[in-house]
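Participant: I'd like to ask some things about the structure below.
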Amino acid sequence: MYETTDAFTKYLPESHAGLVKYVQINGRTKIALKNTISEYIPNPTFNKVAPPGAQELEFRLKNPSSKTRPGDKEIAPPPKYIESPPAFFNPADRLELMNELSIDRALMWPTLASLLEERLADDPEATHVVVHALNRWMHEHWTFNYEDRIFPTPVITLPVVDEAIRELEWVLERGARAILIRPAPVPDLGGRRRSFALPEYDRFWKIVEDAGVVVGLHASDDGFVRYLNEWEGRTSEYLPFKSKPSAFSAVVSSEYRTIKDVIVSIIAHGLATRFPDLRFVPVENGSAWARPMIANLKKVYERSPDIFPEDPLVALRRSIYIHPFHEEDVLGLVEAIGADRVIFGSDYPHPEGLFDPVTFVDELDSLPKEDQAKIMGGNLAQIMGVDPAKGALP
């Protein structure tokens with residue numbers, strides 16, 4: 001989804017009025033948090049956006065694992081931007097678009113929300129307040145379950161455990177089937193950051209496990225730019241749409257270090273063992289990190305099995321479902337973790353995603369139809385508790 005400009009502000013209490021503002025800079029609208037302007041999203045109104053799939057071919061050709069080669073597809077260059085249609089902003093129109101795209105069901109993730117937690121890292125109280133305001137807007141505007149076909153994902157922020165539990169119970173009472181947790185260390189009231197897989201969060205995870213809700217680890221500003229800045233002598237915020245990162249930044253970022261560390265923490269800190277029925281879904285983080293991580297887990301476990309709560313590969317294959325980017329070696333991921341742990345995702349309508357989402361199945365054409373059906377919807381339907389037969393491949 002693309003949020004409307006009142007998504008963060010409509011339900012902000014008077015005590016936090018002005019926490020989020022939209023301001024005009026040289027004729028352009030920008031978002032400011034705590035009076036600091038962010039360039040993280042170039043146009044936070046989303047009235048004009050890059051076309052869906054505008055960078056699809058570019059990403060395919062960049063990746064050596066892609067099945068697409070230069071000359072395979074001849075397409076005209078897409079326009080630089082389009083006027084956003086209503087389907088990007090509300091569920092009724094989105095449902096009509098899904099029908100046109102042959103999509104049965106969708107998890108719907110917020111876009112602008114991915115900047116919130118890092119920019120409020122020094123103020124956990126404000127983080128909880130603005131996230132609750134966002135979730136109230138999302139429930140009013142999208143619901144958390146629209147006609148059993150669109151499942152918007154409310155955000156749960158974790159700095160204060162009691163507040164996280166209160167928010168979790170609020171969204172569960174309103175029908176949430178999946179939640180969004182930022183895949184990053186969590187700031188606390190004293191400026192410390194720590195993994196959400198540590199036992200101090202077990203009260204929260206017990207409720208998540210009992211509810212059977214899917215935990216989406218959607219790509220967000222994870223704070224990793226702090227470390228890039230230290231190496232490059234900068235103080236800038238994370239700017240994901242900067243056209244040309246430095247060579248150093250490009251190489252380090254290509255390892256997808258944060259999501260790999262998050263998954264390792266879930267396994268090695270014992271969260272997946274203490275709560276074996278939790279189901280985590282890294283989303284829009286790709287899968288290039290998965291096989292190197294598996295090799296590292298296997299190597300360290302063989303050398304020091306006593307330091308792990310259980311075989312880490314057993315925990316991984318029980319608790320983690322991975323959404324690969326369309327241009328990656330999807331079949332290699334299937335070989336590594338099994339077809340029943342891979343999940344299709346299109347990132348629609350973002351430009352780096354798929355213009356025609358269901359064409360993801362073309363990456364799977366050598367697999368048995370049963371495995372294709374699992375990846376294209378069956379696996380996610382199963383862990384979300386929706387009808388796994390609907391939309392299955394013939």
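Ordering of the structure tokens sets the chain letters (A, B, ...), residue numbers begin anew at 1 in every chain, and ligands are numbered from 1 in the order given.
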Could you pull the residues within 12 Å of Asp277 of chain A, counting only C-alpha atoms, minus those fewer than 3 positions along the same chain, as a count of residues only?
Facilitator: 22
Participant: With a distance cut-off of 12 Å and only C-alpha atoms, select the neighbouring residues of Gly175 of chain A, excluding the residue or stretch itself and same-chain residues fewer than 2 positions from it, and output the selection as a ChimeraX atom specification.
Facilitator: /A:139,142-148,150-154,168-173,177-179,211-213,384
Participant: Which parts of segment 48-187 of chain A does DSSP call strand (DSSP E) when run on the backbone here, written out as a PDB file with C-alpha atoms, in the first residue's frame?
Facilitator:
```
ATOM      1  CA  LYS A  48       3.227  10.446  -8.433  1.00  0.00           C
ATOM      2  CA  VAL A  49       5.259   7.237  -8.310  1.00  0.00           C
ATOM      3  CA  ILE A  82       2.769   7.917 -13.293  1.00  0.00           C
ATOM      4  CA  GLU A  83      -0.150   9.477 -11.469  1.00  0.00           C
ATOM      5  CA  ALA A 106      -2.272 -10.544  -0.861  1.00  0.00           C
ATOM      6  CA  LEU A 107      -0.386  -9.508   2.221  1.00  0.00           C
ATOM      7  CA  MET A 108      -0.340  -5.726   2.043  1.00  0.00           C
ATOM      8  CA  ILE A 150      -6.341  -8.536   1.352  1.00  0.00           C
ATOM      9  CA  PHE A 151      -4.459  -8.847   4.632  1.00  0.00           C
ATOM     10  CA  PRO A 152      -2.859  -5.523   5.635  1.00  0.00           C
ATOM     11  CA  ALA A 178       0.043 -11.101  10.137  1.00  0.00           C
ATOM     12  CA  ILE A 179       2.163  -8.445  11.818  1.00  0.00           C
ATOM     13  CA  LEU A 180       5.167  -6.463  10.685  1.00  0.00           C
ATOM     14  CA  VAL A 186      15.480  -2.757  19.002  1.00  0.00           C
ATOM     15  CA  PRO A 187      16.320   0.584  20.689  1.00  0.00           C
TER      16      PRO A 187
END
```
Participant: Tell me, in Å to one decimal, how far atom CA of Tyr301 of chain A is from atom CA of Ser253 of chain A.
Facilitator: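 We find that atom CA of Tyr301 of chain A and atom CA of Ser253 of chain A lie 26.1 Å from each other.
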Participant: At a cut-off of 12 Å, using only C-alpha atoms, what residues contact Asn43 of chain A? Leave out same-chain residues fewer than 3 positions from it and give the result as a ChimeraX atom specification.
Facilitator: /A:2-5,22-25,27-31,38-40,46-50,81,84,111-112,241
